[in-house]
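Data from model.cif: mmCIF, C-alpha atoms
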data_entry
loop_
_atom_site.group_PDB
_atom_site.id
_atom_site.type_symbol
_atom_site.label_atom_id
_atom_site.label_comp_id
_atom_site.auth_asym_id
_atom_site.auth_seq_id
_atom_site.Cartn_x
_atom_site.Cartn_y
_atom_site.Cartn_z
ATOM 1 C CA MET A 4 242.882 33.532 218.894
ATOM 2 C CA ALA A 5 241.706 35.099 215.663
ATOM 3 C CA ALA A 6 238.089 34.905 214.636
ATOM 4 C CA VAL A 7 236.056 35.812 211.598
ATOM 5 C CA ALA A 8 235.720 39.427 210.520
ATOM 6 C CA VAL A 9 232.810 41.419 211.891
ATOM 7 C CA HIS A 10 231.827 42.763 208.463
ATOM 8 C CA VAL A 11 233.241 42.292 204.965
ATOM 9 C CA PHE A 12 232.111 44.406 202.010
ATOM 10 C CA GLY A 13 232.956 44.067 198.317
ATOM 11 C CA THR A 14 234.032 41.368 195.865
ATOM 12 C CA PRO A 15 237.479 39.697 196.049
ATOM 13 C CA ILE A 16 239.698 39.995 192.960
ATOM 14 C CA THR A 17 241.013 36.548 192.058
ATOM 15 C CA GLN A 18 242.216 37.003 188.471
ATOM 16 C CA GLY A 19 245.536 38.418 187.281
ATOM 17 C CA THR A 20 248.978 38.824 188.799
ATOM 18 C CA PRO A 21 249.454 40.318 192.281
ATOM 19 C CA THR A 22 250.370 43.626 190.644
ATOM 20 C CA GLN A 23 247.256 43.562 188.469
ATOM 21 C CA ARG A 24 245.075 42.689 191.457
ATOM 22 C CA ALA A 25 246.628 45.512 193.484
ATOM 23 C CA GLU A 26 246.081 48.007 190.679
ATOM 24 C CA ALA A 27 242.451 46.943 190.348
ATOM 25 C CA ALA A 28 241.903 47.272 194.097
ATOM 26 C CA ALA A 29 243.579 50.695 194.163
ATOM 27 C CA LYS A 30 241.158 51.941 191.510
ATOM 28 C CA SER A 31 238.030 50.536 193.105
ATOM 29 C CA GLN A 32 237.930 51.415 196.798
ATOM 30 C CA ASN A 33 234.378 52.622 196.272
ATOM 31 C CA ALA A 34 233.346 49.982 193.722
ATOM 32 C CA ASP A 35 229.592 49.424 193.794
ATOM 33 C CA ASP A 36 229.442 52.194 196.403
ATOM 34 C CA LYS A 37 231.107 49.853 198.920
ATOM 35 C CA LEU A 38 233.109 52.528 200.716
ATOM 36 C CA ASN A 39 229.932 54.482 201.368
ATOM 37 C CA GLU A 40 228.281 51.262 202.539
ATOM 38 C CA VAL A 41 231.174 50.663 204.910
ATOM 39 C CA LEU A 42 230.946 54.179 206.297
ATOM 40 C CA GLN A 43 227.205 53.806 206.796
ATOM 41 C CA ALA A 44 227.717 50.486 208.585
ATOM 42 C CA SER A 45 230.367 52.119 210.732
ATOM 43 C CA LEU A 46 228.023 54.984 211.573
ATOM 44 C CA HIS A 47 225.239 52.523 212.426
ATOM 45 C CA SER A 48 227.633 50.670 214.708
ATOM 46 C CA GLN A 49 228.655 53.921 216.350
ATOM 47 C CA LYS A 50 225.046 54.931 216.967
ATOM 48 C CA ALA A 51 224.365 51.527 218.503
ATOM 49 C CA GLU A 52 227.329 51.991 220.814
ATOM 50 C CA VAL A 53 225.985 55.362 221.947
ATOM 51 C CA GLY A 54 223.003 53.566 223.443
ATOM 52 C CA ARG A 55 225.121 51.234 225.550
ATOM 53 C CA VAL A 56 224.913 51.487 229.297
ATOM 54 C CA ASN A 57 227.923 53.231 230.845
ATOM 55 C CA LEU A 58 229.287 54.257 227.444
ATOM 56 C CA GLY A 59 230.876 57.271 229.083
ATOM 57 C CA ARG A 60 233.247 54.980 230.947
ATOM 58 C CA THR A 61 234.638 53.248 227.872
ATOM 59 C CA ASN A 62 235.657 54.047 224.301
ATOM 60 C CA THR A 63 235.158 52.017 221.142
ATOM 61 C CA THR A 64 237.325 52.037 218.012
ATOM 62 C CA VAL A 65 235.783 51.004 214.687
ATOM 63 C CA VAL A 66 238.637 49.771 212.468
ATOM 64 C CA LEU A 67 238.271 49.884 208.659
ATOM 65 C CA LEU A 68 240.859 47.861 206.688
ATOM 66 C CA TYR A 69 241.560 47.899 202.948
ATOM 67 C CA ASN A 70 243.984 45.569 201.161
ATOM 68 C CA VAL A 71 245.726 47.068 198.106
ATOM 69 C CA THR A 72 248.646 44.613 198.065
ATOM 70 C CA GLY A 73 247.364 42.174 195.449
ATOM 71 C CA GLU A 74 248.002 39.413 197.997
ATOM 72 C CA THR A 75 245.875 37.811 200.691
ATOM 73 C CA MET A 76 246.747 39.185 204.112
ATOM 74 C CA THR A 77 246.570 36.901 207.150
ATOM 75 C CA TYR A 78 246.195 37.632 210.847
ATOM 76 C CA GLN A 79 249.361 37.057 212.900
ATOM 77 C CA THR A 80 248.971 38.466 216.394
ATOM 78 C CA LYS A 81 247.515 41.271 218.480
ATOM 79 C CA HIS A 82 248.427 43.380 221.486
ATOM 80 C CA GLU A 83 245.825 45.066 223.640
ATOM 81 C CA TRP A 84 246.915 47.608 226.223
ATOM 82 C CA HIS A 85 243.333 48.558 227.062
ATOM 83 C CA GLY A 86 240.148 46.990 225.700
ATOM 84 C CA HIS A 87 239.539 43.916 223.577
ATOM 85 C CA VAL A 88 238.253 42.736 220.208
ATOM 86 C CA GLY A 89 235.491 40.181 219.989
ATOM 87 C CA ASN A 90 236.357 39.334 216.379
ATOM 88 C CA TYR A 91 239.481 39.734 214.251
ATOM 89 C CA PRO A 92 239.567 39.016 210.509
ATOM 90 C CA ILE A 93 241.643 35.924 209.714
ATOM 91 C CA THR A 94 242.196 36.831 206.072
ATOM 92 C CA ILE A 95 241.780 40.038 204.085
ATOM 93 C CA HIS A 96 241.530 39.531 200.330
ATOM 94 C CA PRO A 97 242.375 42.114 197.674
ATOM 95 C CA GLY A 98 239.237 43.112 195.862
ATOM 96 C CA GLN A 99 236.918 45.653 194.373
ATOM 97 C CA GLY A 100 235.758 47.714 197.302
ATOM 98 C CA VAL A 101 236.610 44.932 199.780
ATOM 99 C CA TRP A 102 236.595 46.658 203.149
ATOM 100 C CA VAL A 103 236.809 44.776 206.442
ATOM 101 C CA ILE A 104 235.429 46.242 209.674
ATOM 102 C CA PHE A 105 235.970 45.156 213.255
ATOM 103 C CA LYS A 106 235.454 46.872 216.601
ATOM 104 C CA HIS A 107 237.860 47.226 219.503
ATOM 105 C CA ASN A 108 235.894 47.894 222.683
ATOM 106 C CA GLY A 109 237.323 49.706 225.665
ATOM 107 C CA THR A 110 236.827 47.851 228.930
ATOM 108 C CA ASP A 111 237.797 50.509 231.450
ATOM 109 C CA SER A 112 238.253 54.257 231.864
ATOM 110 C CA LYS A 113 241.532 54.142 229.909
ATOM 111 C CA GLY A 114 239.686 53.568 226.648
ATOM 112 C CA SER A 115 240.504 51.515 223.556
ATOM 113 C CA VAL A 116 244.234 51.131 222.888
ATOM 114 C CA GLY A 117 245.425 48.194 220.818
ATOM 115 C CA ALA A 118 247.335 46.827 217.849
ATOM 116 C CA VAL A 119 246.994 44.025 215.313
ATOM 117 C CA VAL A 120 249.471 42.481 212.872
ATOM 118 C CA PHE A 121 248.818 41.042 209.407
ATOM 119 C CA ASN A 122 251.261 39.188 207.173
ATOM 120 C CA ILE A 123 251.514 39.884 203.440
ATOM 121 C CA ASP A 124 252.293 36.732 201.421
ATOM 122 C CA ASN A 125 254.929 35.488 203.912
ATOM 123 C CA CYS A 126 256.983 38.508 202.860
ATOM 124 C CA ILE A 127 256.402 41.165 205.492
ATOM 125 C CA ASP A 128 254.306 41.935 208.570
ATOM 126 C CA SER A 129 252.225 45.100 208.852
ATOM 127 C CA MET A 130 251.429 46.343 212.364
ATOM 128 C CA ILE A 131 248.673 48.905 212.916
ATOM 129 C CA ALA A 132 247.944 50.494 216.301
ATOM 130 C CA TRP A 133 245.302 52.881 217.618
ATOM 131 C CA ASN A 134 244.972 54.997 220.741
ATOM 132 C CA ASN A 135 241.402 55.994 221.534
ATOM 133 C CA ALA A 136 241.990 56.906 225.145
ATOM 134 C CA THR A 137 239.648 58.799 227.420
ATOM 135 C CA ASN A 138 240.339 62.517 227.874
ATOM 136 C CA SER A 139 243.308 62.651 225.498
ATOM 137 C CA GLN A 140 243.997 63.136 221.791
ATOM 138 C CA ASN A 141 243.472 60.049 219.655
ATOM 139 C CA THR A 142 246.555 58.828 217.805
ATOM 140 C CA ALA A 143 247.422 56.317 215.091
ATOM 141 C CA TYR A 144 250.691 54.492 214.475
ATOM 142 C CA CYS A 145 251.957 51.809 212.099
ATOM 143 C CA GLU A 146 255.173 50.062 211.148
ATOM 144 C CA MET A 147 256.355 47.097 209.085
ATOM 145 C CA ASN A 148 258.866 44.377 209.866
ATOM 146 C CA GLU A 149 260.095 40.908 208.979
ATOM 147 C CA PRO A 150 257.582 38.023 209.199
ATOM 148 C CA GLY A 151 257.144 36.780 212.751
ATOM 149 C CA TYR A 152 258.846 39.775 214.360
ATOM 150 C CA TYR A 153 255.821 40.853 216.397
ATOM 151 C CA SER A 154 255.441 37.381 217.892
ATOM 152 C CA SER A 155 259.108 37.107 218.890
ATOM 153 C CA TRP A 156 261.203 38.330 221.813
ATOM 154 C CA PRO A 157 262.901 41.256 219.982
ATOM 155 C CA CYS A 158 259.511 42.965 219.705
ATOM 156 C CA ASP A 159 259.110 45.467 222.545
ATOM 157 C CA TRP A 160 255.449 46.425 222.846
ATOM 158 C CA LYS A 161 256.314 49.076 225.424
ATOM 159 C CA VAL A 162 258.415 50.889 222.822
ATOM 160 C CA ILE A 163 255.582 50.583 220.293
ATOM 161 C CA HIS A 164 253.139 51.953 222.871
ATOM 162 C CA ASN A 165 255.377 54.973 223.437
ATOM 163 C CA LYS A 166 255.577 55.598 219.693
ATOM 164 C CA LEU A 167 251.789 55.334 219.463
ATOM 165 C CA MET A 168 251.339 57.866 222.257
ATOM 166 C CA ASP A 169 253.783 60.264 220.562
ATOM 167 C CA SER A 170 252.223 59.878 217.112
ATOM 168 C CA GLY A 171 249.598 62.081 215.469
ATOM 169 C CA THR A 172 246.305 61.273 213.779
ATOM 170 C CA THR A 173 248.087 59.719 210.776
ATOM 171 C CA SER A 174 251.076 57.437 210.329
ATOM 172 C CA GLU A 175 252.820 55.766 207.393
ATOM 173 C CA ALA A 176 255.493 53.081 207.021
ATOM 174 C CA SER A 177 257.096 51.396 203.992
ATOM 175 C CA MET A 178 259.173 48.257 203.512
ATOM 176 C CA LYS A 179 259.948 45.780 200.713
ATOM 177 C CA GLY A 180 257.730 47.526 198.189
ATOM 178 C CA PHE A 181 254.672 47.843 200.447
ATOM 179 C CA THR A 182 253.250 50.769 202.427
ATOM 180 C CA THR A 183 250.922 50.905 205.416
ATOM 181 C CA LYS A 184 248.865 54.056 206.017
ATOM 182 C CA VAL A 185 246.645 54.662 209.048
ATOM 183 C CA THR A 186 244.339 57.557 209.895
ATOM 184 C CA ILE A 187 242.125 58.430 212.861
ATOM 185 C CA LEU A 188 238.569 59.415 211.912
ATOM 186 C CA SER A 189 237.110 60.989 215.041
ATOM 187 C CA VAL A 190 233.339 61.064 215.379
ATOM 188 C CA GLY A 191 232.780 61.810 219.070
ATOM 189 C CA TRP A 192 230.666 60.037 221.720
ATOM 190 C CA GLY A 193 233.699 58.007 222.781
ATOM 191 C CA ILE A 194 233.699 56.356 219.325
ATOM 192 C CA SER A 195 236.688 56.650 217.011
ATOM 193 C CA GLY A 196 236.963 55.549 213.395
ATOM 194 C CA TYR A 197 240.345 54.191 212.297
ATOM 195 C CA LYS A 198 241.201 53.588 208.636
ATOM 196 C CA ALA A 199 244.122 51.382 207.591
ATOM 197 C CA GLU A 200 245.288 50.816 204.016
ATOM 198 C CA ILE A 201 248.045 48.358 203.112
ATOM 199 C CA ILE A 202 249.350 49.108 199.627
ATOM 200 C CA ARG A 203 251.682 47.706 196.966
ATOM 201 C CA ASN A 204 253.802 50.788 196.301
ATOM 202 C CA HIS A 205 253.739 51.097 192.534
ATOM 203 C CA THR A 206 249.926 51.141 192.592
ATOM 204 C CA VAL A 207 249.898 54.413 194.569
#

As structure tokens - that is how I would like this structure written.
Amino acid sequence: MAAVAVHVFGTPITQGTPTQRAEAAAKSQNADDKLNEVLQASLHSQKAEVGRVNLGRTNTTVVLLYNVTGETMTYQTKHEWHGHVGNYPITIHPGQGVWVIFKHNGTDSKGSVGAVVFNIDNCIDSMIAWNNATNSQNTAYCEMNEPGYYSSWPCDWKVIHNKLMDSGTTSEASMKGFTTKVTILSVGWGISGYKAEIIRNHTV
């Protein structure tokens, strides 16, 4: 079940049309120095993880999300091959420097490998996946599909896992006027940063 976000930075944009809100968000990823604040919080989290007992046996992925759609995004489902998340964000609002952070913690020697799906205004689902496995190259993968697809029987998570394993450190997918972009930000110590941006296309 979804839970509240671990950290939320920035001020939601509530005025204007979805296009206007998306354009404002696209221009203000670092509004009030929020992106730097997010990166510092991420680094602090990473340093805290370094001090954990038995860190060498597990990996942690710090996920940074940014909504540039002009719409509120809502959590739909998750899939965890290895590891777990204590907290998922339920909603991600468009805003000035509104970044959301959550951590996916590895629970065994196979590391942190998972995926989460958010819906954009009942129009489309955006799926982002990360592979922060032990003793292998980290990879990022994303795709978009019709609402509810990732919670239904046609969705084959084994196929998605294979695509994630075969992907590189970046991935991009577009559908119905929206784009999802994901990037691995490696920092070492078994900690991996993962940035995801969901964008209304004409704001790019």

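Of the listed residues A:Thr64, A:Thr186, A:Ser177, A:Thr110, the one whose atoms come nearest to Asn135 of chain A is A:Thr64, with distances taken using all atoms listed in the file.
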
Which one is closest to Asp169 of chain A: A:Pro157, A:Asn122, A:Gly151, A:Thr142? Count all atoms listed in the file.
A:Thr142

Computed gap from atom CA of Asn125 of chain A to atom CA of Glu149 of chain A is 9.0 Å

Rank nothing, just name the residue among A:Val185, A:Met178, A:Val116, A:Val103 nearest to Trp133 of chain A, using only C-alpha atoms.
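Distance minimum relative to Trp133 of chain A lands on A:Val116.
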
Could you check which of A:Met76, A:Val119, A:Val66, A:Ala132 is closest to Ser170 of chain A, using only C-alpha atoms?
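Result for the nearest residue to Ser170 of chain A: A:Ala132.
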
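Residues captured in this structure file are A:Lys81, A:His82, A:Trp84, A:His85, A:Gly86, A:His87, A:Val116, A:Gly117, A:Ala118, according to the PyMOL selection byres ((chain A and resi 83) around 8).
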